[in-house]
Amino acid sequence: MPAKQSKSQKVALVTGAARGIGLATARLFIEEGWLVAALDRDADALQKAAADLGQAASAFVCDVSDPGAVDRTVADVLSRFGRIDALVNNAGVADFGPIEQTDFARWRRVMETNLDGVFLMSQAVTPALKDTKGALVNIASISGLRASTLRVAYGTSKAAVIQLTKQQAAELGEYGIRANCVCPGPVRTKLAMAVHTQDIIDAYHDAIPLNRYGTEREIAEVIVFLCSEKASYVTGQVIASDGGFESTGVGLPALRK
Ligand SMILES: NC(=O)c1ccc[n+]([C@@H]2O[C@H](COP(=O)([O-])OP(=O)(O)OC[C@H]3O[C@@H](n4cnc5c(N)ncnc54)[C@H](O)[C@@H]3O)[C@@H](O)[C@H]2O)c1
């Protein structure tokens, strides 16, 4: 049974909430007094996550790349909670491979979640966000800010999410809706560990001024801030939460003691 909802209590819809950055974000929203609609396509993991999150969360099984499922799920969220104040488009997949080995099926598998999913969820939730003058936060990646090997589909999908965020900010601002983008650096989640070889891990450590991976919680803090009243005049922004990766060039390891 979901918790009793007070009239002023805000509702965040978080996609990919069954684990990783999405789960940490759902947990932080709840700590800050929000209710959470936790959405994921992995029903088993979502059930466990929802049990862990407690009464302030409700679980919704949905694949964000399926337009019909997205519309039905957003209707279900609204009938459960009556409002949506923030949408966090966090669901994502990673598939790293050389350009010549990235066939159309691999390309589409990445694009359908990472880009189509953000577009579809945002379209479906926009009417509810108009009512609350709510906030959109899209999760891209440092791979959308700087090109690197093996990321032809992943990096391109994330660069497109950055541009989509700016389009949303430009058009939805007149309804009081804010749209911002968070670009995480590397975080040791299931997604990252499936594609980060030891070479990639070492390269990130070398290239990051803070010299370490981030945590799910550190990314969640930025996301929840952008959804909060504290960010009421912030829209159209792309914020890297990346230990300084995006801002630096070559030579860091040589400078370290
Ligand atoms: N972990 C990192 O190093 C890192 C770095 C930069 C960006 N990101 C981005 O952060 C976001 C979260 O990543 P994470 O590392 O927590 O990953 P994760 O794999 O731990 O969690 C992603 C969640 O999204 C869900 N999901 C995937 N496709 C879905 C779909 N089509 N519909 C509904 N749910 C779906 C998965 O079931 C999973 O629960 C992703 O968008 C990812 O690209 C992660």
# chains A, B, ... in the order shown; residues from 1 in each chain; ligands from 1
call {"tool": "select_by_dssp", "arguments": {"residues": "range 93-194 of chain A", "states": "helix (DSSP H, G or I)", "output": "ChimeraX atom specification"}}
result
/A:99-101,104-132,142-144,152-175,190-194
call {"tool": "residues_near_ligand", "arguments": {"ligand": "ligand 1", "cutoff": "7 Å", "atoms": "only C-alpha atoms and all ligand atoms", "output": "NGL selection string"}}
result
:A and (15-22 or 39-42 or 62-65 or 90-94 or 113-114 or 117 or 139-142 or 183-192)
call {"tool": "write_last_selection", "arguments": {"atoms": "N, CA and C atoms", "output": "mmCIF file, in the first residue's frame"}}
result
data_model
loop_
_atom_site.group_PDB
_atom_site.id
_atom_site.type_symbol
_atom_site.label_atom_id
_atom_site.label_comp_id
_atom_site.auth_asym_id
_atom_site.auth_seq_id
_atom_site.Cartn_x
_atom_site.Cartn_y
_atom_site.Cartn_z
ATOM 1 N N THR A 15 12.755 6.794 -14.207
ATOM 2 C CA THR A 15 12.868 5.596 -15.054
ATOM 3 C C THR A 15 14.205 4.898 -14.780
ATOM 4 N N GLY A 16 14.215 3.587 -14.984
ATOM 5 C CA GLY A 16 15.421 2.822 -14.681
ATOM 6 C C GLY A 16 15.708 2.837 -13.189
ATOM 7 N N ALA A 17 14.636 2.750 -12.383
ATOM 8 C CA ALA A 17 14.769 2.936 -10.927
ATOM 9 C C ALA A 17 15.069 1.645 -10.178
ATOM 10 N N ALA A 18 15.200 0.536 -10.880
ATOM 11 C CA ALA A 18 15.386 -0.741 -10.183
ATOM 12 C C ALA A 18 16.778 -0.903 -9.596
ATOM 13 N N ARG A 19 17.749 -0.150 -10.106
ATOM 14 C CA ARG A 19 19.111 -0.290 -9.563
ATOM 15 C C ARG A 19 19.940 0.936 -9.961
ATOM 16 N N GLY A 20 21.200 0.933 -9.522
ATOM 17 C CA GLY A 20 22.152 1.943 -9.969
ATOM 18 C C GLY A 20 21.746 3.379 -9.636
ATOM 19 N N ILE A 21 22.011 4.265 -10.582
ATOM 20 C CA ILE A 21 21.778 5.702 -10.374
ATOM 21 C C ILE A 21 20.291 5.993 -10.160
ATOM 22 N N GLY A 22 19.423 5.265 -10.879
ATOM 23 C CA GLY A 22 17.980 5.486 -10.742
ATOM 24 C C GLY A 22 17.485 5.137 -9.358
ATOM 25 N N LEU A 39 9.957 3.333 -12.106
ATOM 26 C CA LEU A 39 9.648 2.629 -13.366
ATOM 27 C C LEU A 39 10.875 1.857 -13.841
ATOM 28 N N ASP A 40 10.651 0.639 -14.294
ATOM 29 C CA ASP A 40 11.746 -0.152 -14.876
ATOM 30 C C ASP A 40 11.130 -1.287 -15.692
ATOM 31 N N ARG A 41 11.915 -1.827 -16.643
ATOM 32 C CA ARG A 41 11.386 -2.968 -17.407
ATOM 33 C C ARG A 41 11.768 -4.301 -16.768
ATOM 34 N N ASP A 42 12.691 -4.278 -15.809
ATOM 35 C CA ASP A 42 13.122 -5.498 -15.127
ATOM 36 C C ASP A 42 12.225 -5.698 -13.896
ATOM 37 N N CYS A 62 7.594 -1.150 -17.032
ATOM 38 C CA CYS A 62 7.363 -0.529 -18.342
ATOM 39 C C CYS A 62 8.679 -0.467 -19.106
ATOM 40 N N ASP A 63 8.605 -0.696 -20.410
ATOM 41 C CA ASP A 63 9.762 -0.500 -21.290
ATOM 42 C C ASP A 63 9.604 0.888 -21.922
ATOM 43 N N VAL A 64 10.547 1.782 -21.650
ATOM 44 C CA VAL A 64 10.403 3.175 -22.111
ATOM 45 C C VAL A 64 10.490 3.312 -23.632
ATOM 46 N N SER A 65 10.906 2.238 -24.318
ATOM 47 C CA SER A 65 10.993 2.328 -25.779
ATOM 48 C C SER A 65 9.704 1.888 -26.467
ATOM 49 N N ASN A 90 16.181 8.377 -16.746
ATOM 50 C CA ASN A 90 17.469 7.769 -16.373
ATOM 51 C C ASN A 90 17.704 6.410 -17.033
ATOM 52 N N ALA A 91 16.646 5.713 -17.435
ATOM 53 C CA ALA A 91 16.810 4.362 -18.012
ATOM 54 C C ALA A 91 17.780 4.434 -19.186
ATOM 55 N N GLY A 92 18.750 3.532 -19.189
ATOM 56 C CA GLY A 92 19.711 3.546 -20.279
ATOM 57 C C GLY A 92 20.379 2.199 -20.434
ATOM 58 N N VAL A 93 20.911 1.960 -21.628
ATOM 59 C CA VAL A 93 21.694 0.744 -21.877
ATOM 60 C C VAL A 93 23.026 1.163 -22.483
ATOM 61 N N ALA A 94 24.041 0.340 -22.250
ATOM 62 C CA ALA A 94 25.368 0.603 -22.834
ATOM 63 C C ALA A 94 25.776 -0.604 -23.657
ATOM 64 N N THR A 113 16.239 2.748 -26.371
ATOM 65 C CA THR A 113 16.103 3.097 -24.947
ATOM 66 C C THR A 113 16.662 4.491 -24.674
ATOM 67 N N ASN A 114 17.904 4.726 -25.078
ATOM 68 C CA ASN A 114 18.605 5.942 -24.637
ATOM 69 C C ASN A 114 18.041 7.221 -25.249
ATOM 70 N N GLY A 117 13.385 6.470 -25.819
ATOM 71 C CA GLY A 117 12.750 6.384 -24.499
ATOM 72 C C GLY A 117 12.615 7.747 -23.832
ATOM 73 N N ILE A 139 19.209 12.040 -18.243
ATOM 74 C CA ILE A 139 20.550 11.567 -17.903
ATOM 75 C C ILE A 139 21.280 11.205 -19.195
ATOM 76 N N ALA A 140 22.297 11.994 -19.513
ATOM 77 C CA ALA A 140 23.139 11.692 -20.678
ATOM 78 C C ALA A 140 24.406 11.041 -20.158
ATOM 79 N N SER A 141 25.570 11.561 -20.510
ATOM 80 C CA SER A 141 26.845 10.950 -20.093
ATOM 81 C C SER A 141 27.984 11.848 -20.557
ATOM 82 N N ILE A 142 29.144 11.706 -19.920
ATOM 83 C CA ILE A 142 30.334 12.362 -20.469
ATOM 84 C C ILE A 142 30.627 11.832 -21.872
ATOM 85 N N CYS A 183 25.203 14.829 -16.932
ATOM 86 C CA CYS A 183 26.150 13.930 -17.607
ATOM 87 C C CYS A 183 27.056 13.286 -16.567
ATOM 88 N N PRO A 184 26.715 12.060 -16.144
ATOM 89 C CA PRO A 184 27.581 11.415 -15.157
ATOM 90 C C PRO A 184 28.915 11.006 -15.772
ATOM 91 N N GLY A 185 29.946 11.052 -14.935
ATOM 92 C CA GLY A 185 31.190 10.361 -15.238
ATOM 93 C C GLY A 185 31.027 8.907 -14.833
ATOM 94 N N PRO A 186 32.115 8.141 -14.812
ATOM 95 C CA PRO A 186 31.982 6.714 -14.535
ATOM 96 C C PRO A 186 31.554 6.416 -13.094
ATOM 97 N N VAL A 187 30.612 5.508 -12.967
ATOM 98 C CA VAL A 187 30.079 5.056 -11.680
ATOM 99 C C VAL A 187 30.033 3.530 -11.749
ATOM 100 N N ARG A 188 30.421 2.847 -10.679
ATOM 101 C CA ARG A 188 30.509 1.382 -10.726
ATOM 102 C C ARG A 188 29.142 0.709 -10.612
ATOM 103 N N THR A 189 28.311 0.891 -11.616
ATOM 104 C CA THR A 189 27.012 0.215 -11.644
ATOM 105 C C THR A 189 27.116 -1.023 -12.545
ATOM 106 N N LYS A 190 26.028 -1.782 -12.588
ATOM 107 C CA LYS A 190 26.006 -2.973 -13.446
ATOM 108 C C LYS A 190 26.256 -2.585 -14.909
ATOM 109 N N LEU A 191 25.622 -1.468 -15.329
ATOM 110 C CA LEU A 191 25.789 -0.999 -16.724
ATOM 111 C C LEU A 191 27.252 -0.726 -17.032
ATOM 112 N N ALA A 192 27.920 0.006 -16.148
ATOM 113 C CA ALA A 192 29.306 0.393 -16.427
ATOM 114 C C ALA A 192 30.230 -0.820 -16.360
#
call {"tool": "closest_residue", "arguments": {"among": "A:Lys257, A:Lys130, A:Arg146, A:His196", "to": "Arg83 in chain A", "atoms": "only C-alpha atoms"}}
result
A:Lys130
call {"tool": "residues_around", "arguments": {"residues": "Ala105 in chain A", "least_positions_apart": "5", "cutoff": "12 Å", "atoms": "only C-alpha atoms", "output": "list in words"}}
result
Asp95, Val110, Met111, Glu112 and Ala153 of chain A
call {"tool": "write_last_selection", "arguments": {"atoms": "N, CA and C atoms", "output": "mmCIF file, in the first residue's frame"}}
result
data_model
loop_
_atom_site.group_PDB
_atom_site.id
_atom_site.type_symbol
_atom_site.label_atom_id
_atom_site.label_comp_id
_atom_site.auth_asym_id
_atom_site.auth_seq_id
_atom_site.Cartn_x
_atom_site.Cartn_y
_atom_site.Cartn_z
ATOM 1 N N ASP A 95 26.306 -0.349 -24.827
ATOM 2 C CA ASP A 95 26.835 -1.407 -25.694
ATOM 3 C C ASP A 95 28.032 -0.786 -26.393
ATOM 4 N N VAL A 110 20.472 0.420 -28.690
ATOM 5 C CA VAL A 110 20.911 1.531 -27.849
ATOM 6 C C VAL A 110 19.981 2.734 -28.031
ATOM 7 N N MET A 111 19.703 3.072 -29.285
ATOM 8 C CA MET A 111 18.894 4.272 -29.557
ATOM 9 C C MET A 111 17.482 4.143 -29.001
ATOM 10 N N GLU A 112 16.911 2.936 -29.066
ATOM 11 C CA GLU A 112 15.491 2.836 -28.685
ATOM 12 C C GLU A 112 15.280 3.123 -27.201
ATOM 13 N N ALA A 153 27.375 4.163 -30.935
ATOM 14 C CA ALA A 153 25.934 4.222 -30.656
ATOM 15 C C ALA A 153 25.669 4.914 -29.317
#
call {"tool": "select_by_dssp", "arguments": {"residues": "range 14-240 of chain A", "states": "strand (DSSP E)", "output": "JSON list (two decimals) with C-alpha atoms, in the first residue's frame"}}
result
[["chain", "number", "residue", "atom", "x", "y", "z"],
["A", 14, "VAL", "CA", 12.13, 7.97, -12.16],
["A", 15, "THR", "CA", 12.87, 5.60, -15.05],
["A", 35, "LEU", "CA", 6.74, 10.32, -3.37],
["A", 36, "VAL", "CA", 8.27, 8.24, -6.16],
["A", 37, "ALA", "CA", 6.87, 6.37, -9.14],
["A", 38, "ALA", "CA", 9.69, 3.89, -9.77],
["A", 39, "LEU", "CA", 9.65, 2.63, -13.37],
["A", 40, "ASP", "CA", 11.75, -0.15, -14.88],
["A", 57, "ALA", "CA", 7.36, 4.42, -3.69],
["A", 58, "SER", "CA", 5.13, 2.60, -6.15],
["A", 59, "ALA", "CA", 6.52, 0.33, -8.84],
["A", 60, "PHE", "CA", 5.56, 0.46, -12.52],
["A", 61, "VAL", "CA", 6.88, -2.15, -14.95],
["A", 86, "ALA", "CA", 9.43, 15.73, -11.92],
["A", 87, "LEU", "CA", 10.41, 13.24, -14.60],
["A", 88, "VAL", "CA", 13.91, 11.77, -14.44],
["A", 89, "ASN", "CA", 14.75, 10.04, -17.73],
["A", 135, "ALA", "CA", 10.92, 19.67, -14.05],
["A", 136, "LEU", "CA", 12.51, 17.28, -16.53],
["A", 137, "VAL", "CA", 15.98, 15.87, -15.93],
["A", 138, "ASN", "CA", 17.54, 13.75, -18.66],
["A", 139, "ILE", "CA", 20.55, 11.57, -17.90],
["A", 178, "ARG", "CA", 12.34, 23.35, -16.71],
["A", 179, "ALA", "CA", 14.50, 20.84, -18.60],
["A", 180, "ASN", "CA", 18.09, 20.05, -17.64],
["A", 181, "CYS", "CA", 20.61, 17.35, -18.37],
["A", 182, "VAL", "CA", 23.06, 15.54, -16.08],
["A", 183, "CYS", "CA", 26.15, 13.93, -17.61],
["A", 184, "PRO", "CA", 27.58, 11.42, -15.16],
["A", 238, "VAL", "CA", 24.02, 20.46, -19.11],
["A", 239, "ILE", "CA", 25.83, 19.62, -15.87],
["A", 240, "ALA", "CA", 28.62, 17.10, -15.81]]
call {"tool": "residues_around", "arguments": {"residues": "Asp131 in chain A", "least_positions_apart": "4", "cutoff": "9 Å", "atoms": "only C-alpha atoms", "output": "list of chain:residue names"}}
result
A:Arg83, A:Ile84, A:Asp85, A:Thr126, A:Pro127, A:Tyr175
call {"tool": "atom_distance", "arguments": {"atom1": "CA of Ala69 in chain A", "atom2": "CA of Ala56 in chain A"}}
result
23.2 Å
call {"tool": "closest_residue", "arguments": {"among": "A:Ile177, A:Leu115, A:Ala43, A:Leu53", "to": "Arg27 in chain A", "atoms": "only C-alpha atoms"}}
result
A:Leu53
call {"tool": "residues_around", "arguments": {"residues": "Asn211 in chain A", "least_positions_apart": "5", "cutoff": "12 Å", "atoms": "only C-alpha atoms", "output": "number ranges by chain"}}
result
A: 185-186, 201-206, 242-245, 252-253, 256
call {"tool": "write_last_selection", "arguments": {"atoms": "C-alpha atoms", "output": "tab-separated table (two decimals), in the first residue's frame"}}
result
chain	number	residue	atom	x	y	z
A	185	GLY	CA	31.19	10.36	-15.24
A	186	PRO	CA	31.98	6.71	-14.54
A	201	ILE	CA	39.00	1.86	-15.71
A	202	ASP	CA	42.71	2.82	-15.65
A	203	ALA	CA	42.20	5.40	-18.41
A	204	TYR	CA	39.34	7.04	-16.48
A	205	HIS	CA	41.41	7.24	-13.31
A	206	ASP	CA	44.19	8.92	-15.30
A	242	ASP	CA	32.22	13.72	-13.48
A	243	GLY	CA	35.09	14.50	-11.09
A	244	GLY	CA	36.38	17.10	-13.58
A	245	PHE	CA	36.75	14.77	-16.58
A	252	LEU	CA	47.18	14.88	-15.54
A	253	PRO	CA	49.08	11.75	-14.46
A	256	ARG	CA	50.39	13.96	-9.84
call {"tool": "closest_residue", "arguments": {"among": "A:Val234, A:Ala12, A:Ala26, A:Val77", "to": "Gly54 in chain A", "atoms": "only C-alpha atoms"}}
result
A:Ala26
call {"tool": "closest_residue", "arguments": {"among": "A:Ser232, A:Val152, A:Val161, A:Ile200", "to": "Phe104 in chain A", "atoms": "only C-alpha atoms"}}
result
A:Val152
call {"tool": "atom_distance", "arguments": {"atom1": "CA of Thr132 in chain A", "atom2": "CA of Ser157 in chain A"}}
result
28.9 Å
call {"tool": "closest_residue", "arguments": {"among": "A:Glu171, A:Asp199, A:Leu13, A:Ala45", "to": "Ala128 in chain A", "atoms": "only C-alpha atoms"}}
result
A:Leu13
